[in-house]
file protein16.cif (mmCIF, C-alpha atoms)
data_query
#
loop_
_atom_site.label_atom_id
_atom_site.label_comp_id
_atom_site.auth_asym_id
_atom_site.auth_seq_id
_atom_site.Cartn_x
_atom_site.Cartn_y
_atom_site.Cartn_z
CA MET A 1 0.00 0.00 0.00
CA PRO A 2 1.42 3.45 -0.88
CA LEU A 3 2.47 5.45 2.17
CA ARG A 4 0.01 8.25 1.39
CA GLN A 5 -2.91 5.81 1.32
CA GLN A 6 -1.73 4.24 4.56
CA ILE A 7 -1.54 7.59 6.34
CA VAL A 8 -5.07 8.49 5.22
CA ALA A 9 -6.46 5.12 6.35
CA ILE A 10 -4.77 5.36 9.76
CA ALA A 11 -5.98 8.94 10.25
CA ILE A 12 -9.57 8.00 9.39
CA SER A 13 -9.64 4.98 11.70
CA LEU A 14 -8.12 6.97 14.58
CA GLY A 15 -10.70 9.71 13.96
CA ILE A 16 -13.57 7.19 14.06
CA LEU A 17 -12.27 5.67 17.31
CA ALA A 18 -11.87 9.10 18.91
CA VAL A 19 -15.43 10.17 17.95
CA ILE A 20 -16.93 6.92 19.34
CA VAL A 21 -15.03 7.14 22.63
CA GLU A 22 -16.02 10.80 22.98
CA LEU A 23 -19.71 10.00 22.32
CA VAL A 24 -19.67 7.23 24.93
CA ARG A 25 -17.87 9.52 27.41
CA LYS A 26 -20.57 12.20 26.97
CA ARG A 27 -23.28 9.49 27.28
CA ARG A 28 -24.63 10.41 23.84
CA LEU A 29 -23.98 6.82 22.68
CA ARG A 30 -24.81 3.88 24.90
CA GLU A 31 -22.04 1.34 25.52
CA GLU A 32 -24.10 -1.52 24.03
CA TYR A 33 -24.19 0.24 20.66
CA SER A 34 -20.58 1.35 20.75
CA VAL A 35 -19.15 -2.19 20.62
CA LEU A 36 -19.86 -2.76 16.90
CA TRP A 37 -18.54 0.67 15.97
CA LEU A 38 -15.38 0.31 18.06
CA LEU A 39 -14.71 -3.06 16.40
CA THR A 40 -14.99 -1.46 12.95
CA GLY A 41 -12.59 1.35 13.85
CA LEU A 42 -10.08 -1.14 15.26
CA THR A 43 -10.38 -3.42 12.19
CA ILE A 44 -9.66 -0.55 9.80
CA LEU A 45 -6.71 0.51 11.97
CA VAL A 46 -5.19 -2.99 12.09
CA LEU A 47 -5.70 -3.55 8.34
CA SER A 48 -4.09 -0.23 7.43
CA LEU A 49 -1.11 -0.85 9.75
CA ARG A 50 -0.59 -4.39 8.47
CA PHE A 51 -1.43 -4.36 4.75
CA SER A 52 -0.17 -7.96 4.44
CA LEU A 53 -3.12 -9.08 6.61
CA LEU A 54 -5.59 -7.57 4.12
CA GLN A 55 -3.74 -9.21 1.25
CA ALA A 56 -3.80 -12.59 2.98
CA LEU A 57 -7.53 -12.22 3.69
CA THR A 58 -8.18 -11.26 0.05
CA LYS A 59 -6.33 -14.35 -1.17
CA LEU A 60 -8.12 -16.57 1.37
CA LEU A 61 -11.56 -15.46 0.17
CA GLY A 62 -10.57 -15.61 -3.50
CA ILE A 63 -11.22 -11.92 -4.09
CA ALA A 64 -9.31 -10.21 -6.92
CA LEU A 65 -8.44 -6.86 -5.29
CA PRO A 66 -7.80 -5.93 -1.64
CA VAL A 67 -10.05 -2.90 -2.11
CA SER A 68 -13.00 -5.20 -2.87
CA THR A 69 -12.38 -7.03 0.40
CA LEU A 70 -12.71 -3.75 2.27
CA PHE A 71 -15.92 -2.82 0.39
CA PHE A 72 -17.36 -6.29 0.98
CA PHE A 73 -16.82 -6.19 4.73
CA GLY A 74 -18.01 -2.59 4.88
CA LEU A 75 -21.28 -3.66 3.25
CA VAL A 76 -21.73 -6.68 5.52
CA PHE A 77 -21.12 -4.47 8.52
CA LEU A 78 -23.72 -1.88 7.41
CA ILE A 79 -26.32 -4.62 6.84
CA LEU A 80 -25.71 -5.99 10.33
CA VAL A 81 -25.99 -2.55 11.94
CA SER A 82 -29.27 -1.70 10.16
CA LEU A 83 -30.69 -5.12 11.07
CA GLN A 84 -29.81 -4.44 14.70
CA PHE A 85 -31.57 -1.07 14.42
CA SER A 86 -34.69 -2.68 12.89
CA VAL A 87 -34.90 -5.15 15.75
CA LYS A 88 -34.44 -2.35 18.27
CA ILE A 89 -37.06 -0.14 16.55
CA SER A 90 -39.59 -3.00 16.53
CA ARG A 91 -39.06 -3.45 20.25
CA LEU A 92 -39.31 0.27 20.91
CA SER A 93 -42.57 0.62 18.93
CA ASN A 94 -44.09 -2.26 20.91
CA GLN A 95 -43.06 -0.54 24.13
CA VAL A 96 -44.42 2.83 22.96
CA GLN A 97 -47.75 1.20 22.06
CA GLU A 98 -47.94 -0.49 25.44
CA LEU A 99 -47.19 2.81 27.20
CA ALA A 100 -49.76 4.76 25.15
CA GLN A 101 -52.42 2.15 25.92
CA ARG A 102 -51.60 2.18 29.65
CA ASN A 103 -51.82 5.97 29.57
CA ALA A 104 -55.20 5.86 27.82
CA LEU A 105 -56.55 3.34 30.35
CA LEU A 106 -55.24 5.42 33.27
CA GLU A 107 -56.99 8.50 31.88
CA VAL A 108 -60.31 6.64 31.84
CA LYS A 109 -59.75 5.54 35.42
CA PHE A 110 -58.62 8.96 36.63
CA PRO A 111 -60.16 11.69 34.44
CA GLU A 112 -58.21 14.28 36.45
CA ILE A 113 -55.04 13.12 34.69
CA ALA A 114 -56.43 14.03 31.28
CA ARG A 115 -57.73 17.37 32.57
CA SER A 116 -54.44 18.34 34.28
CA ALA A 117 -52.52 17.36 31.14
CA GLU A 118 -54.76 19.68 29.13
CA LEU A 119 -54.28 22.50 31.65
CA ALA A 120 -50.53 22.01 31.60
CA SER A 121 -50.35 22.22 27.82
CA SER A 122 -52.90 24.97 27.14
CA PRO A 123 -51.07 28.06 28.60
CA GLU A 124 -48.01 27.05 26.60
CA SER A 125 -49.91 26.92 23.33
CA GLU A 126 -51.45 30.32 24.05
CA ARG A 127 -48.03 31.79 24.58
CA ARG A 128 -46.85 30.29 21.30
CA ASP A 129 -49.75 32.01 19.53
CA MET B 130 -58.82 1.04 47.80
CA SER B 131 -60.29 4.38 46.79
CA THR B 132 -59.20 3.78 43.21
CA GLU B 133 -61.27 0.60 43.07
CA THR B 134 -64.50 2.26 44.20
CA LEU B 135 -63.84 5.12 41.81
CA SER B 136 -63.41 2.84 38.81
CA LEU B 137 -66.47 0.74 39.62
CA GLY B 138 -68.70 3.78 40.13
CA PRO B 139 -71.01 4.09 37.11
CA GLU B 140 -70.95 0.42 36.09
CA ALA B 141 -71.75 -0.87 39.56
CA THR B 142 -74.84 1.28 39.99
CA ARG B 143 -76.06 0.35 36.56
CA LEU B 144 -75.70 -3.35 37.35
CA GLU B 145 -77.80 -3.06 40.47
CA ARG B 146 -80.55 -1.49 38.43
CA GLU B 147 -80.35 -4.31 35.89
CA PRO B 148 -80.33 -7.65 37.66
CA SER B 149 -80.88 -9.49 34.35
CA SER B 150 -77.57 -8.25 32.98
CA ARG B 151 -75.72 -9.63 35.98
CA ALA B 152 -77.10 -13.09 35.30
CA ARG B 153 -75.90 -13.08 31.69
CA GLY B 154 -72.61 -11.33 32.41
CA ARG B 155 -71.39 -7.77 32.02
CA VAL B 156 -71.06 -6.54 28.45
CA LEU B 157 -68.81 -3.81 27.04
CA VAL B 158 -69.34 -2.33 23.59
CA VAL B 159 -65.94 -1.33 22.16
CA VAL B 160 -66.02 1.37 19.46
CA PRO B 161 -62.62 2.15 17.90
CA ALA B 162 -62.74 5.64 16.35
CA PHE B 163 -60.31 7.82 14.42
CA ASN B 164 -61.47 11.32 13.43
CA GLU B 165 -65.13 10.32 13.56
CA SER B 166 -66.57 13.20 15.60
CA ALA B 167 -69.07 14.04 12.82
CA ARG B 168 -70.67 10.59 12.68
CA LEU B 169 -69.95 9.33 16.20
CA ARG B 170 -73.03 10.86 17.84
CA ASN B 171 -75.50 9.08 15.53
CA VAL B 172 -73.70 5.76 15.85
CA LEU B 173 -73.55 5.99 19.64
CA GLN B 174 -77.23 6.94 19.84
CA ALA B 175 -78.13 3.93 17.68
CA ILE B 176 -76.04 1.66 19.91
CA HIS B 177 -77.69 3.15 23.00
CA ARG B 178 -81.13 2.40 21.57
CA GLN B 179 -80.14 -1.25 21.05
CA ILE B 180 -78.52 -1.98 24.39
CA GLU B 181 -80.38 0.60 26.52
CA SER B 182 -78.59 0.35 29.86
CA THR B 183 -77.56 -3.30 29.85
CA ALA B 184 -74.02 -2.60 28.67
CA ASP B 185 -71.32 0.08 28.86
CA ILE B 186 -69.85 1.71 25.77
CA LEU B 187 -66.14 2.46 25.47
CA VAL B 188 -64.99 4.64 22.58
CA VAL B 189 -61.27 4.20 21.91
CA ASP B 190 -60.12 7.44 20.32
CA ASP B 191 -57.01 6.49 18.34
CA GLY B 192 -55.26 9.86 18.57
CA SER B 193 -57.87 11.81 16.60
CA GLY B 194 -57.17 15.41 15.66
CA ASP B 195 -60.84 16.34 16.12
CA ALA B 196 -63.21 16.19 19.11
CA THR B 197 -63.89 12.44 18.89
CA SER B 198 -63.35 11.70 22.59
CA GLU B 199 -65.29 14.81 23.72
CA GLU B 200 -68.14 13.74 21.44
CA ALA B 201 -68.05 10.26 23.00
CA LEU B 202 -68.22 11.63 26.56
CA ARG B 203 -71.07 13.96 25.58
CA ALA B 204 -73.01 10.95 24.26
CA GLY B 205 -72.65 9.24 27.64
CA ALA B 206 -69.96 6.73 26.64
CA LEU B 207 -66.60 6.11 28.29
CA ALA B 208 -63.64 7.39 26.27
CA ALA B 209 -60.06 6.13 26.18
CA ARG B 210 -57.79 8.44 24.23
CA HIS B 211 -54.49 7.36 22.67
CA PRO B 212 -51.96 10.23 22.79
CA PHE B 213 -51.16 9.54 19.10
CA ASN B 214 -52.40 7.29 16.31
CA LEU B 215 -51.48 3.65 16.93
CA GLY B 216 -53.66 1.87 14.37
CA CYS B 217 -56.96 0.04 14.46
CA GLY B 218 -55.57 -3.17 15.98
CA ALA B 219 -54.02 -1.28 18.88
CA ALA B 220 -57.25 0.66 19.49
CA LEU B 221 -59.18 -2.60 19.73
CA GLN B 222 -56.53 -4.02 22.03
CA THR B 223 -56.88 -1.03 24.36
CA GLY B 224 -60.58 -1.90 24.54
CA TYR B 225 -59.76 -5.54 25.32
CA LYS B 226 -57.32 -4.53 28.05
CA PHE B 227 -59.95 -2.22 29.55
CA ALA B 228 -62.54 -5.04 29.53
CA LEU B 229 -60.12 -7.48 31.17
CA GLU B 230 -59.06 -4.97 33.85
CA ARG B 231 -62.62 -4.00 34.74
CA GLY B 232 -63.96 -7.54 34.77
CA TYR B 233 -66.37 -7.46 31.83
CA ASP B 234 -67.48 -10.94 30.75
CA PHE B 235 -68.12 -10.16 27.08
CA ILE B 236 -67.25 -7.46 24.60
CA VAL B 237 -68.79 -6.66 21.27
CA GLN B 238 -66.81 -4.42 18.92
CA ILE B 239 -68.44 -2.22 16.31
CA ASP B 240 -67.02 0.39 13.93
CA ALA B 241 -67.64 4.08 14.57
CA ASP B 242 -68.21 4.98 10.91
CA GLY B 243 -71.72 3.55 10.69
CA GLN B 244 -70.84 0.60 8.43
CA HIS B 245 -71.93 -1.94 11.03
CA ASP B 246 -75.66 -1.75 11.72
CA PRO B 247 -76.21 -1.64 15.51
CA SER B 248 -79.46 -3.60 15.12
CA CYS B 249 -77.32 -6.75 14.87
CA LEU B 250 -75.52 -6.16 18.22
CA ALA B 251 -77.65 -8.69 20.08
CA SER B 252 -77.37 -11.39 17.41
CA VAL B 253 -73.58 -11.02 17.15
CA LEU B 254 -73.32 -11.22 20.93
CA ALA B 255 -75.74 -14.16 21.33
CA PRO B 256 -73.47 -17.16 20.44
CA VAL B 257 -70.80 -15.89 22.84
CA GLN B 258 -73.25 -15.14 25.66
CA GLU B 259 -74.84 -18.57 25.26
CA GLY B 260 -71.41 -20.21 25.46
CA LYS B 261 -71.60 -21.68 21.96
CA ALA B 262 -68.43 -19.90 20.83
CA ASP B 263 -65.54 -17.80 22.17
CA ILE B 264 -65.67 -15.44 19.18
CA ALA B 265 -68.64 -14.58 17.00
CA ILE B 266 -68.02 -12.71 13.73
CA GLY B 267 -70.73 -10.68 12.07
CA SER B 268 -70.55 -11.59 8.36
CA ARG B 269 -71.95 -9.28 5.67
CA PHE B 270 -71.90 -12.17 3.22
CA LEU B 271 -74.22 -14.35 5.28
CA TRP B 272 -76.78 -11.52 5.43
CA THR B 273 -79.11 -11.90 2.47
CA GLY B 274 -79.73 -8.66 0.59
CA GLY B 275 -76.87 -6.77 2.22
CA TYR B 276 -74.75 -4.32 0.27
CA ARG B 277 -72.11 -5.64 -2.12
CA SER B 278 -68.61 -4.33 -1.55
CA PRO B 279 -66.26 -3.52 -4.48
CA ILE B 280 -65.06 -6.53 -6.46
CA GLU B 281 -61.40 -6.36 -5.33
CA ARG B 282 -62.52 -6.32 -1.73
CA ARG B 283 -64.79 -9.32 -2.31
CA VAL B 284 -61.98 -11.28 -3.97
CA GLY B 285 -59.64 -10.57 -1.03
CA SER B 286 -62.29 -11.54 1.51
CA TRP B 287 -63.12 -14.70 -0.42
CA LEU B 288 -59.49 -15.74 -0.81
CA PHE B 289 -58.48 -15.27 2.80
CA GLY B 290 -61.85 -16.61 3.92
CA GLN B 291 -60.99 -19.82 2.05
CA VAL B 292 -57.54 -19.92 3.65
CA ALA B 293 -59.02 -19.34 7.11
CA THR B 294 -61.73 -21.94 6.48
CA LEU B 295 -59.04 -24.42 5.45
CA PHE B 296 -57.06 -24.01 8.67
CA ILE B 297 -59.92 -23.43 11.10
CA GLY B 298 -62.34 -26.06 9.85
CA THR B 299 -65.33 -23.76 10.34
CA ARG B 300 -66.74 -21.85 7.39
CA ILE B 301 -65.41 -18.27 7.48
CA THR B 302 -66.92 -15.97 4.84
CA ASP B 303 -65.91 -12.55 6.16
CA PRO B 304 -62.49 -12.68 7.85
CA THR B 305 -62.01 -8.89 7.64
CA SER B 306 -65.21 -8.10 9.52
CA GLY B 307 -64.58 -5.91 12.56
CA TYR B 308 -68.08 -6.63 13.89
CA ARG B 309 -67.24 -9.23 16.54
CA ALA B 310 -68.13 -10.45 20.00
CA MET B 311 -65.71 -12.19 22.36
CA ASN B 312 -65.56 -13.72 25.80
CA ARG B 313 -62.72 -13.37 28.32
CA LYS B 314 -60.82 -16.40 27.00
CA ALA B 315 -60.52 -14.81 23.54
CA LEU B 316 -59.90 -11.35 25.07
CA ALA B 317 -56.92 -12.58 27.10
CA LEU B 318 -55.29 -13.95 23.94
CA CYS B 319 -56.00 -10.81 21.92
CA ALA B 320 -54.64 -8.53 24.65
CA SER B 321 -51.27 -10.29 24.63
CA ASP B 322 -48.20 -9.01 22.76
CA SER B 323 -48.76 -11.19 19.71
CA PHE B 324 -51.79 -9.18 18.59
CA PRO B 325 -50.93 -7.21 15.44
CA HIS B 326 -51.27 -3.42 15.62
CA ASP B 327 -52.76 -2.86 12.21
CA TYR B 328 -55.96 -4.50 11.07
CA PRO B 329 -56.72 -7.83 12.83
CA ASP B 330 -57.67 -10.39 10.21
CA ALA B 331 -57.49 -13.99 8.98
CA ASP B 332 -54.04 -14.47 10.54
CA VAL B 333 -55.43 -13.56 13.96
CA LEU B 334 -58.33 -15.98 13.51
CA ILE B 335 -55.94 -18.80 12.59
CA ASN B 336 -53.77 -17.97 15.60
CA LEU B 337 -56.79 -17.93 17.91
CA HIS B 338 -58.06 -21.22 16.49
CA ARG B 339 -54.69 -22.82 17.17
CA ALA B 340 -54.95 -21.65 20.77
CA GLY B 341 -58.24 -23.53 21.12
CA VAL B 342 -60.68 -20.68 20.61
CA VAL B 343 -64.05 -21.62 19.11
CA ILE B 344 -65.01 -19.27 16.24
CA THR B 345 -68.43 -18.92 14.67
CA GLU B 346 -70.05 -16.58 12.15
CA VAL B 347 -73.47 -14.95 12.27
CA PRO B 348 -75.19 -12.85 9.60
CA ALA B 349 -74.83 -9.09 10.12
CA LEU B 350 -76.16 -6.10 8.21
CA MET B 351 -73.51 -3.70 6.96
CA HIS B 352 -73.79 -0.46 5.03
CA PRO B 353 -71.47 1.12 2.49
CA ARG B 354 -69.16 3.80 3.88
CA GLN B 355 -70.58 7.31 3.97
CA GLY B 356 -67.68 9.66 3.27
CA GLY B 357 -64.35 9.42 5.01
CA HIS B 358 -61.49 7.30 3.73
CA SER B 359 -61.52 3.56 3.39
CA MET B 360 -58.31 1.86 4.46
CA HIS B 361 -58.36 -0.21 1.24
CA ARG B 362 -57.52 2.11 -1.63
CA GLY B 363 -54.77 2.71 -4.19
CA LEU B 364 -51.96 0.20 -3.84
CA ARG B 365 -53.13 -0.80 -0.37
CA PRO B 366 -54.96 -3.97 -1.52
CA LEU B 367 -51.71 -5.29 -3.02
CA TYR B 368 -49.78 -4.56 0.14
CA TYR B 369 -52.62 -6.11 2.12
CA MET B 370 -52.49 -9.35 0.09
CA PHE B 371 -48.75 -9.60 0.59
CA LYS B 372 -48.83 -8.76 4.30
CA MET B 373 -51.70 -11.15 5.02
CA SER B 374 -49.99 -14.05 3.24
CA LEU B 375 -46.83 -13.38 5.23
CA SER B 376 -48.72 -13.10 8.53
CA ILE B 377 -50.54 -16.39 7.94
CA PHE B 378 -47.28 -18.10 6.99
CA VAL B 379 -45.53 -16.79 10.11
CA ALA B 380 -48.55 -17.60 12.28
CA LEU B 381 -48.28 -21.23 11.21
CA LEU B 382 -44.54 -21.28 11.94
CA ARG B 383 -44.97 -20.02 15.49
CA GLU B 384 -45.57 -22.20 18.51
CA ARG B 385 -49.18 -22.55 19.54
CA PRO B 386 -50.13 -19.62 21.76
CA SER B 387 -51.34 -20.76 25.15
CA PRO B 388 -54.63 -19.44 26.56
CA SER B 389 -52.98 -18.77 29.93
CA VAL B 390 -51.04 -15.76 28.59
#
call {"tool": "encode", "arguments": {"input": "protein16.cif", "output": "structure tokens"}}
result
Amino acid sequence: MPLRQQIVAIAISLGILAVIVELVRKRRLREEYSVLWLLTGLTILVLSLRFSLLQALTKLLGIALPVSTLFFFGLVFLILVSLQFSVKISRLSNQVQELAQRNALLEVKFPEIARSAELASSPESERRD
Amino acid sequence: MSTETLSLGPEATRLEREPSSRARGRVLVVVPAFNESARLRNVLQAIHRQIESTADILVVDDGSGDATSEEALRAGALAARHPFNLGCGAALQTGYKFALERGYDFIVQIDADGQHDPSCLASVLAPVQEGKADIAIGSRFLWTGGYRSPIERRVGSWLFGQVATLFIGTRITDPTSGYRAMNRKALALCASDSFPHDYPDADVLINLHRAGVVITEVPALMHPRQGGHSMHRGLRPLYYMFKMSLSIFVALLRERPSPSV
């Protein structure tokens, strides 16, 4: 790999790792989600430091160019991440539905809740007008 | 303790006035409604005339932008309001959960848009009240001289009716009908997580049958929609066919749901 390419790859992977760690530190990204991303950053870093590893992997899988190996794994990774998000979103929408239904049932049981919610929101909307 | 007396308030007094209703079990009429404030009053009045004071009415307002829930309260019904739109299946499920929590023995669900004629309430409820079935479906196709829905709708109903009939073993002519009565056994199953949040249909019936629920059909009078938007329009029928086939396939792959859920 040309030196220039290697420098760019290392810089990008270090940048990705730094952003992920910073997001986790600020609690903007939960640890459970950071694992996959950290692994990606580390993989890119290792592959750019040791180009022979990428070449060996390319040969092992019978792929013509090392670049294709990178694209292939990048694609697989993105599919996995979006699948994980779909699963998570399905769970979240079930939980939101459950919560909304509980809320609706509570409002029937205690009409004061509905009325106080209306009172709490109405002065705000007037101010916005 | 005070919460219990509060929740039982109106129903309890009504029951004491109607000893006959106690003998046959408490009934809740569930009316899912989305932006129906214009038509709701007439429908609720018609339901009132049919049931008089032998049952309570719960309108589930599925996050309407208009005064649907206010209209329901004004007409003397109970109103449960979703904070945002969750879909017809979820609105029905809220009604089921309400019925289970408050100890109703039977529910009968009827649409708020006036398509289901309230004069059939008693006949839809009868098989369930008499213990002949756990679910009774009001079928527009069994009613002689009823209105004929558009051809694509009839084909869909026929096709999935055949599929449901095949798996359930009882003749199902109108699997999409939302005019239904249920007892607590069926309610408990429908209130569980596996209930779909869009329109409950043939897949739900197959699931319920596999859980040991007895399903029957009775004739019911239905009217064509007056205004408003039907949920089956444009490309929706195609999507519906695809989704229903998938749901039935997945339903058959799943383990049998147990009634104890």
call {"tool": "residues_around", "arguments": {"input": "protein16.cif", "residues": "B:Ile377", "least_positions_apart": "6", "cutoff": "8 Å", "atoms": "only C-alpha atoms", "output": "compact mmCIF listing (two decimals) with C-alpha atoms, in the coordinates of the input"}}
result
# COMPACT_ATOMS: atom_id res chain seq x y z
CA ALA B 331 -57.49 -13.99 8.98
CA ASP B 332 -54.04 -14.47 10.54
CA ILE B 335 -55.94 -18.80 12.59
call {"tool": "resolve_selection", "arguments": {"input": "protein16.cif", "expression": "the PyMOL selection byres ((chain A) within 8 of (chain B))", "output": "PyMOL selection string"}}
result
chain A and resi 97+100-101+103-105+107-109
call {"tool": "closest_residue", "arguments": {"input": "protein16.cif", "among": "A:Ile89, A:Leu38, A:Ala56, A:Leu75", "to": "A:Glu22", "atoms": "only C-alpha atoms"}}
result
A:Leu38
call {"tool": "atom_distance", "arguments": {"input": "protein16.cif", "atom1": "atom CA of B:Met370", "atom2": "atom CA of B:Leu288"}}
result
9.5 Å
call {"tool": "closest_residue", "arguments": {"input": "protein16.cif", "among": "A:Leu61, A:Asn94, A:Arg27, A:Ser48", "to": "A:Ser13", "atoms": "only C-alpha atoms"}}
result
A:Ser48
call {"tool": "resolve_selection", "arguments": {"input": "protein16.cif", "expression": "the PyMOL selection byres ((chain B and resi 165-182) around 7)", "output": "PyMOL selection string"}}
result
chain B and resi 162-164+183-184+195-197+200+204+241-243+247-248
call {"tool": "atom_distance", "arguments": {"input": "protein16.cif", "atom1": "atom CA of B:Val284", "atom2": "atom CA of B:Val257"}}
result
28.6 Å
call {"tool": "residues_around", "arguments": {"input": "protein16.cif", "residues": "B:Ala380", "least_positions_apart": "3", "cutoff": "9 Å", "atoms": "only C-alpha atoms", "output": "PyMOL selection string"}}
result
chain B and resi 332-333+335-336+375-377+383-385
call {"tool": "write_last_selection", "arguments": {"input": "protein16.cif", "atoms": "C-alpha atoms", "output": "PDB file, in the frame of the given file"}}
result
ATOM      1  CA  ASP B 332     -54.040 -14.470  10.540  1.00  0.00           C
ATOM      2  CA  VAL B 333     -55.430 -13.560  13.960  1.00  0.00           C
ATOM      3  CA  ILE B 335     -55.940 -18.800  12.590  1.00  0.00           C
ATOM      4  CA  ASN B 336     -53.770 -17.970  15.600  1.00  0.00           C
ATOM      5  CA  LEU B 375     -46.830 -13.380   5.230  1.00  0.00           C
ATOM      6  CA  SER B 376     -48.720 -13.100   8.530  1.00  0.00           C
ATOM      7  CA  ILE B 377     -50.540 -16.390   7.940  1.00  0.00           C
ATOM      8  CA  ARG B 383     -44.970 -20.020  15.490  1.00  0.00           C
ATOM      9  CA  GLU B 384     -45.570 -22.200  18.510  1.00  0.00           C
ATOM     10  CA  ARG B 385     -49.180 -22.550  19.540  1.00  0.00           C
TER      11      ARG B 385
END
call {"tool": "atom_distance", "arguments": {"input": "protein16.cif", "atom1": "atom CA of B:Ala255", "atom2": "atom CA of B:Pro304"}}
result
19.0 Å
call {"tool": "resolve_selection", "arguments": {"input": "protein16.cif", "expression": "the PyMOL selection byres ((chain A and resi 43) around 12)", "output": "ChimeraX atom specification"}}
result
/A:9-10,12-14,16-17,36-42,44-51,53-54,70,73-74,77
call {"tool": "closest_residue", "arguments": {"input": "protein16.cif", "among": "B:Ile236, B:Met373, B:Leu271, B:Val160", "to": "B:Lys314", "atoms": "only C-alpha atoms"}}
result
B:Ile236
call {"tool": "axis_aligned_box", "arguments": {"input": "protein16.cif", "around": "stretch 24-42 of chain A", "padding_each_side": "8 Å", "output": "AutoDock Vina command-line options"}}
result
--center_x -17.4 --center_y 4.6 --center_z 20.2 --size_x 30.7 --size_y 31.3 --size_z 30.5
call {"tool": "closest_residue", "arguments": {"input": "protein16.cif", "among": "B:Gln238, B:Ser306, B:Asn312, B:Gln244", "to": "B:Pro348", "atoms": "all atoms listed in the file"}}
result
B:Ser306
call {"tool": "decode", "arguments": {"input": "protein16.cif", "residues": "stretch 19-35 of chain A", "atoms": "C-alpha atoms", "output": "mmCIF file, in the first residue's frame"}}
result
data_model
loop_
_atom_site.group_PDB
_atom_site.id
_atom_site.type_symbol
_atom_site.label_atom_id
_atom_site.label_comp_id
_atom_site.auth_asym_id
_atom_site.auth_seq_id
_atom_site.Cartn_x
_atom_site.Cartn_y
_atom_site.Cartn_z
ATOM 1 C CA VAL A 19 -15.425 10.170 17.954
ATOM 2 C CA ILE A 20 -16.928 6.922 19.341
ATOM 3 C CA VAL A 21 -15.032 7.144 22.625
ATOM 4 C CA GLU A 22 -16.015 10.802 22.984
ATOM 5 C CA LEU A 23 -19.714 10.004 22.318
ATOM 6 C CA VAL A 24 -19.667 7.230 24.930
ATOM 7 C CA ARG A 25 -17.871 9.522 27.406
ATOM 8 C CA LYS A 26 -20.570 12.196 26.974
ATOM 9 C CA ARG A 27 -23.277 9.494 27.284
ATOM 10 C CA ARG A 28 -24.625 10.410 23.838
ATOM 11 C CA LEU A 29 -23.975 6.824 22.676
ATOM 12 C CA ARG A 30 -24.811 3.875 24.896
ATOM 13 C CA GLU A 31 -22.043 1.340 25.521
ATOM 14 C CA GLU A 32 -24.102 -1.521 24.034
ATOM 15 C CA TYR A 33 -24.189 0.236 20.656
ATOM 16 C CA SER A 34 -20.580 1.353 20.745
ATOM 17 C CA VAL A 35 -19.151 -2.190 20.615
#
